[in-house]
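Asks: My questions will all concern the structure given below.
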Amino acid sequence: MAKDPGLEEIYRLVCDTIVERQHPVTGLLPADGSNKDGHAWVRDNVYGAYGLFALSLVYRKKALNDEYFIRMVELRRNLARLMRSLLLAMMNQVAKVEAFKKRPSPENALHAKYSCATCNPVVGDHEWGHLQIDATSLFLLALAQMTATGVEIVFSPDEVDFVQNLVFYIEAAYRTPDYGIWERGEKINQGVTELNTSSVGLAKAALVAMSDVDLFGAKGGKSSVIHVLSDEVQRCKTMVHALVPRGSLSKELDASVLMALSFPAFAVEDEILIETCQSRILAQLEGRYGLKRFLRDGYKTAMEDPSRLHYMRAELKQFENIECEWPIFFCFLIMDGYFRGRHHQVEKYRGLLDNVLQTCSINEHEHRILPELYTVPREKVDDERQKPGSQDRVVTGKEVFVWGQAVLAVTQLLDRGYLTVGELDPLNSRMSTQPQPDVVVQVALIAEDVDIADQLESFGFPCDTSPMTCVLPARRLSKVYEQLGCNRKLKLSGRPNRSIGVIGTSKLYRYHHNVFAFVPDFLDQEQFYLCLDIEMMVDMIETELAYLRANWRVLGRPTVTLPITHQMLNAVSKRRYAGAVPTNPEFSPMRQLLEKFKSGFANGVRVLLGNLDTFTSTSCIRELNFLETTGQSTETISHQTGSAYSLDSMHSHACVSPHDDLLQPVSPRSSRRVLIGGNRRPLRRDSSVAGMIRRSRQSLKVNVIPQSLQGSDEELQPLSRKVSDPLLHVREAGITRLPSVPSAAVSASSGTTPNFSTATDVSEAELLVQLQSAESIEEQAEAIHLLRITKGSDWVVPVFHEGCTVAHIMEEIYEQAGNLQHWSLIRHMAGLRMKRVDELAEAAADLLVQQKQFSFGLEPISEEITIRSPLPSEELKQCIYKVYGQDFSAAVLAQELLVYLAMFIRSEPALFNSMLRLRISLIMRVMASELARKTGCAAHDASDQLINLTPFEMKDLLHFILSGKEFLIEDVLGEDGHVTERRSVVAKSHRRQPLHRPDGEQSLGSLTVHLDDLDDIDLDEDAEDDNDQQLRHGEWLRRRQLDGALNRVPVDFYSKVWHILNQCDGIVLGRHHFPSQPTTSEMTAGELKFALELESTLNKIPQPEYRQLVVEALMILSIVTTCDPNQILQGYLNMDEILQEANNAFLQEQLAADGDATQCCCANKTIQSGLCGAAYGICVHLYDCAPSGRFGTMSYLSRAVTQRCRHSPRSEDVATDDSPPDCVSQ
């Protein structure tokens, strides 16, 4: 049989560039292909393995030819030898894998490169950026694909356990910053890790590929199967979808994202998103010789200083437009064209690839090889900068780029028809964008007892009381999975005890012919108090069902196990109905939800109600056979079939020993009853500790408008007649007109945790008498609060039975408060017990993956700490409790709000448009302020009202504030004087402007303005917006306060400010400045890092309404300079002076027109700025002006901006408190 010349050419290329360069013992490939004893990078070696793998697949189809069969065997042996050496190198660092699972940090990471000869590390832990999740993920992805095609790589059970632990190593990639594919972290390469899109994308692909793979292939069994939790896959997917096309925090665009969009990862499942991201990347990074890695990449350029690896911030701009171009991305684009069936794309990049291949002789064979990169010669740098793409480039980099030759070989095999996309992708990862069938969620009701079962059946709802399937809480499943991957010889502990999400608990599990179901974690009342509110529980159930429908990707239907108690079924909503509270169970929120389930649809989700035992044939069932290898006997872990299910098992503590009954229903825990019973009574104010809890709520204290400045109770007060709300004021050095600082908060400014509750004049004996003689649960809570502060949770209380500790009493108060629905006490006791939301880290990650940072604390009460990257739940909890000190109510409320924000960003991401950083403490105060404004309560009562809202009401109030809707609150009092009903009503005439605006329009806060009308703003005196007349007084002030507190900015605000900075020396805000250099030299206009730096500077403005005026002024400045190129910016722009000039122009017109300002700042026919007491001396009526119209803020700001453009001060004339211009204030 004649040999195929095309195939022979590729075979010789692979042999000469890969096989011949493998180490004779280990089979590893040196990075440059020249020194067989050199360093072997994991990533380069895996791509080299792909070259061997692809060619072996071609010869497998031609195995009838003896020579081709021999070649196939040789290629597979070389492939297995290389992959096994990588596995061995990683197993030599098994201690790092175990440490990384507990603390994911660079020093605990697997090394990125090893010795070709010994498989040992070649550099120290801190001598290289070893933390590269993408490299480990790529290895696992290749391992799964090669094993699926019959390549034997893993030989022993110990290796199976190690690979399982590698899965645990990468499954938290969505919250693990690393150095990324380019091994540099931040682009200035100073050792700072960041979340990288390519790393998370490859981790998601590896998790999908490894799921249910038998590492022994056809010779394996249940013990060699790899298990992957679907919830971790989904979290990585969400992160990737939120990040693309951004490469990381410091990389606006990154060519490596192409590998996440297409081969080898296929991590993005939205075809439109893939197309959009690819177009943006190609538009800015594509060149004649390849793609730039990212903007301002200095690697191997003529301007780079080769004597150091890192860059200075100011020097990045010199790399602009001369970045090296990498032709390897042409190969990836050709492969993408084949995978997506785009022949025009293949033709385009095939031609470009042919032009950049270089001919050279290797082992006496002529080859056309792929260079590593092309660079601009030093003598042509200036010409290239002036006209990008005009100059010819020269080859530089490694002599034989192994990664490039392997990808080139795969590309040529596809291009010449020897290989199909299905063979290269045996696990069908490329099919992720295909439409998924509609999901039917099966819901099984488990009745608390026979009475509930009878009641449910009378309503027509099928239910179980004693199903054959054993029902356990989700935390027991987490304990079960801790046994997965355990290996005594390797000293591996298995999966970390992370929570199992709703996807995991919606599967059934089988062990020794017994089937187990697990109740979702969010329904576990032992974990957190949210499910004590039935309305909140119903809302969460509906949200999670919608989440299941959108993200279910496994065979079988999801099965949600829903326990039903008397309290859940018979609880009546006190919120949705006017008049007397109905007692008919038909109005129960849970009953309404079950009626939706019965109809077959709930919240747009198809639902099927039924018995748990009948769902086993249609459910997704996973095997727990890995328990057999961990010493679990059948008697120990099997359950008693037919035993009655008790909801008390939901509150049992999970087993901690591998020999405990992991899957056994347990008896109800005994409780120590030490508290008084009966109904709540008013707290005796003669008590020595009365009001201790209330005084601890410093973080929630607000100041409201004096009654003399408020309007009628029937409608919103005219805010134009009052001073700005000092609720939102934050102390800042150099700023005047600030509220007084409580003495208790003095230590907070220096970073010390404040102590709000110290009461040294109360003796221990007095506290014990107070505790023992308490007549209400509130009195005991006051006493136990101080005992917890002074004695600690483990202190034994001598007045009760032996062994009764403060912790026992706190737990008892918490349970009784839950029964009484006493929400302020529930929250405070949860804080005293240092409770945390079980999925706190996941909620934080949901915000962070959408590029929304958040902060806790607010000066001067406490230090403000910003969370910029995901943290483990326990670490995040400790951070929250440290920030809030002894304000335990605020600590748990912060967690609660974090959960709600995560729910909103998943279901209504548009609410967060143009918001970059969420200040949780400031949002708390805004919520308290809104309650005070609507109910007319005193300042000291606002925090009490807020903390006593039900979780569902709290979530609704937060939604109102985020959406900008006006709302009313109505209270219905019962005979005992307590609130029996509270209703929130949306005022239809006070809804925000649409978030999505037509093309060609600019947003200024709440205003939509056509650019074409800019020239007429200060000329058309009759241009009055009729809609503004319909808004009540104070509406625009409130909007600016809310937008400023929420850090909401107009679309493209940050990039516009970047262009302003690029034309001047900087921007001055009070005593703080934001310098142009080195800011614009280091960062690009669309870089997220720049936006965060600007946001930090704006957050130094304490008054939110003034902050929002600054934002509007900057937008006006951008529009003016864009529309009129003759406007010149020079020196520093002082925003305070611009706003003062706008205020003076406003007051002059008010004086001439006898406007509202004549009642304050223009009284006595003279202009006296600041008489109204508003922030920064700006008239309160200007804060309350609509942006457009004759008396709109846009008119006055435009005049001030135009006047200041040519009169900006020189740099040397500006004195600030910040760092010098070569360092941006952090």
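We name chains A, B, ... following the order of the structure tokens; residues begin at 1 in each chain, and ligands are numbered from 1 as shown.
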I'd like the neighbourhood of stretch 130-138 of chain A as a list in words, where a residue qualifies if any of its atoms comes within 7 Å (using only C-alpha atoms), though same-chain residues fewer than 5 positions away should be ignored.
Replies: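 Near neighbours after the sequence-gap exclusion: Val42, Arg43, Pro106, Ala109, Leu110, His111, Ala112, Ile170, Ala173, Asp178, Tyr179, Gly180, Ile181, Ser198, Ser199, Leu202, Ala203 and Ala206 of chain A.
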Asks: Skip A:Glu1105 itself and residues of its chain fewer than 3 positions away, then list as a list in words all residues within 8 Å of it, counting only C-alpha atoms.
Replies: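 Using only C-alpha atoms, the neighbours found are Leu1037, Arg1040, Gln1041, Leu1042, Asp1043, Gly1044, Gln1108, Leu1109, Ala1175 and Tyr1183 of chain A.
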Asks: Point out the residue among A:Gln405, A:Thr1193, A:Asn497, A:Thr359 with the least atom-to-atom distance to A:Ala1142, counting only C-alpha atoms.
Replies: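 Between A:Gln405, A:Thr1193, A:Asn497, A:Thr359, the residue approaching A:Ala1142 most closely is A:Thr1193.
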Asks: Could you check which of A:Glu252, A:Asp1156, A:Glu399, A:Glu171 is closest to A:Pro496, using only C-alpha atoms?
Replies: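 Closest to A:Pro496 of all the choices is A:Glu171.
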Asks: What residues in stretch 1022-1126 of chain A get the DSSP label alpha helix (DSSP H)? Please answer as a PyMOL selection string.
Replies: chain A and resi 1026-1030+1035-1045+1053-1061+1079-1082+1088-1098+1104-1123
Asks: What's the 8 Å shell around stretch 1143-1150 of chain A, counting only C-alpha atoms, without same-chain residues fewer than 5 positions away, as a compact mmCIF listing (two decimals) with all heavy atoms, in the first residue's frame?
Replies:
# COMPACT_ATOMS: atom_id res chain seq x y z
N GLY A 1155 -37.39 81.73 42.65
CA GLY A 1155 -37.64 80.30 42.79
C GLY A 1155 -37.61 79.82 44.22
O GLY A 1155 -37.56 80.61 45.18
N ASP A 1156 -37.65 78.50 44.37
CA ASP A 1156 -37.71 77.89 45.70
C ASP A 1156 -36.49 78.24 46.55
O ASP A 1156 -36.58 78.28 47.78
CB ASP A 1156 -37.81 76.37 45.59
CG ASP A 1156 -39.15 75.94 45.01
OD1 ASP A 1156 -40.09 76.75 45.06
OD2 ASP A 1156 -39.25 74.80 44.51
N ALA A 1157 -35.35 78.46 45.90
CA ALA A 1157 -34.13 78.72 46.66
C ALA A 1157 -34.17 80.05 47.39
O ALA A 1157 -33.33 80.31 48.26
CB ALA A 1157 -32.91 78.67 45.74
N THR A 1158 -35.14 80.92 47.06
CA THR A 1158 -35.26 82.19 47.80
C THR A 1158 -35.68 81.97 49.23
O THR A 1158 -35.62 82.89 50.06
CB THR A 1158 -36.27 83.11 47.10
OG1 THR A 1158 -37.53 82.42 46.97
CG2 THR A 1158 -35.77 83.50 45.71
N CYS A 1161 -31.08 79.61 50.46
CA CYS A 1161 -29.77 80.16 50.08
C CYS A 1161 -29.86 81.51 49.38
O CYS A 1161 -28.82 82.16 49.20
CB CYS A 1161 -29.03 79.16 49.18
SG CYS A 1161 -28.65 77.60 50.00
N CYS A 1162 -31.05 81.90 48.96
CA CYS A 1162 -31.22 83.22 48.33
C CYS A 1162 -32.14 84.10 49.17
O CYS A 1162 -32.82 84.99 48.64
CB CYS A 1162 -31.77 83.08 46.92
SG CYS A 1162 -30.64 82.29 45.77
N ILE A 1167 -27.32 86.04 47.67
CA ILE A 1167 -26.88 84.64 47.55
C ILE A 1167 -25.96 84.31 48.72
O ILE A 1167 -24.92 84.96 48.91
CB ILE A 1167 -26.14 84.40 46.22
CG1 ILE A 1167 -27.11 84.61 45.04
CG2 ILE A 1167 -25.53 83.00 46.18
CD1 ILE A 1167 -26.45 84.45 43.68
N SER A 1169 -24.57 80.80 49.89
CA SER A 1169 -24.48 79.35 49.70
C SER A 1169 -24.32 78.63 51.03
O SER A 1169 -23.58 79.07 51.91
CB SER A 1169 -23.29 79.00 48.80
OG SER A 1169 -23.44 79.58 47.52
N ILE A 1178 -23.82 72.99 48.66
CA ILE A 1178 -24.68 73.01 47.48
C ILE A 1178 -26.13 73.16 47.94
O ILE A 1178 -26.56 72.50 48.89
CB ILE A 1178 -24.52 71.72 46.65
CG1 ILE A 1178 -23.05 71.52 46.27
CG2 ILE A 1178 -25.41 71.75 45.42
CD1 ILE A 1178 -22.49 72.58 45.37
N CYS A 1179 -26.89 73.99 47.28
CA CYS A 1179 -28.28 74.22 47.66
C CYS A 1179 -29.07 72.93 47.53
O CYS A 1179 -28.93 72.19 46.55
CB CYS A 1179 -28.90 75.31 46.80
SG CYS A 1179 -30.62 75.69 47.26
N LEU A 1182 -30.89 72.39 44.31
CA LEU A 1182 -30.11 71.92 43.16
C LEU A 1182 -30.00 70.38 43.21
O LEU A 1182 -30.10 69.72 42.17
CB LEU A 1182 -28.72 72.55 43.14
CG LEU A 1182 -27.81 72.12 41.97
CD1 LEU A 1182 -28.45 72.48 40.63
CD2 LEU A 1182 -26.44 72.78 42.09
N PHE A 1191 -34.17 74.55 34.44
CA PHE A 1191 -33.52 74.60 35.75
C PHE A 1191 -32.92 73.25 36.12
O PHE A 1191 -32.80 72.92 37.29
CB PHE A 1191 -34.54 75.03 36.82
CG PHE A 1191 -35.08 76.43 36.62
CD1 PHE A 1191 -36.35 76.63 36.08
CD2 PHE A 1191 -34.31 77.53 36.94
CE1 PHE A 1191 -36.85 77.90 35.90
CE2 PHE A 1191 -34.80 78.81 36.75
CZ PHE A 1191 -36.08 79.00 36.23
N TYR A 1196 -26.67 73.75 34.31
CA TYR A 1196 -25.69 74.47 35.12
C TYR A 1196 -24.33 73.78 35.08
O TYR A 1196 -23.30 74.45 35.04
CB TYR A 1196 -26.20 74.58 36.55
CG TYR A 1196 -27.56 75.23 36.63
CD1 TYR A 1196 -28.68 74.49 36.99
CD2 TYR A 1196 -27.74 76.58 36.31
CE1 TYR A 1196 -29.93 75.07 37.04
CE2 TYR A 1196 -28.99 77.17 36.35
CZ TYR A 1196 -30.09 76.41 36.72
OH TYR A 1196 -31.32 76.98 36.75
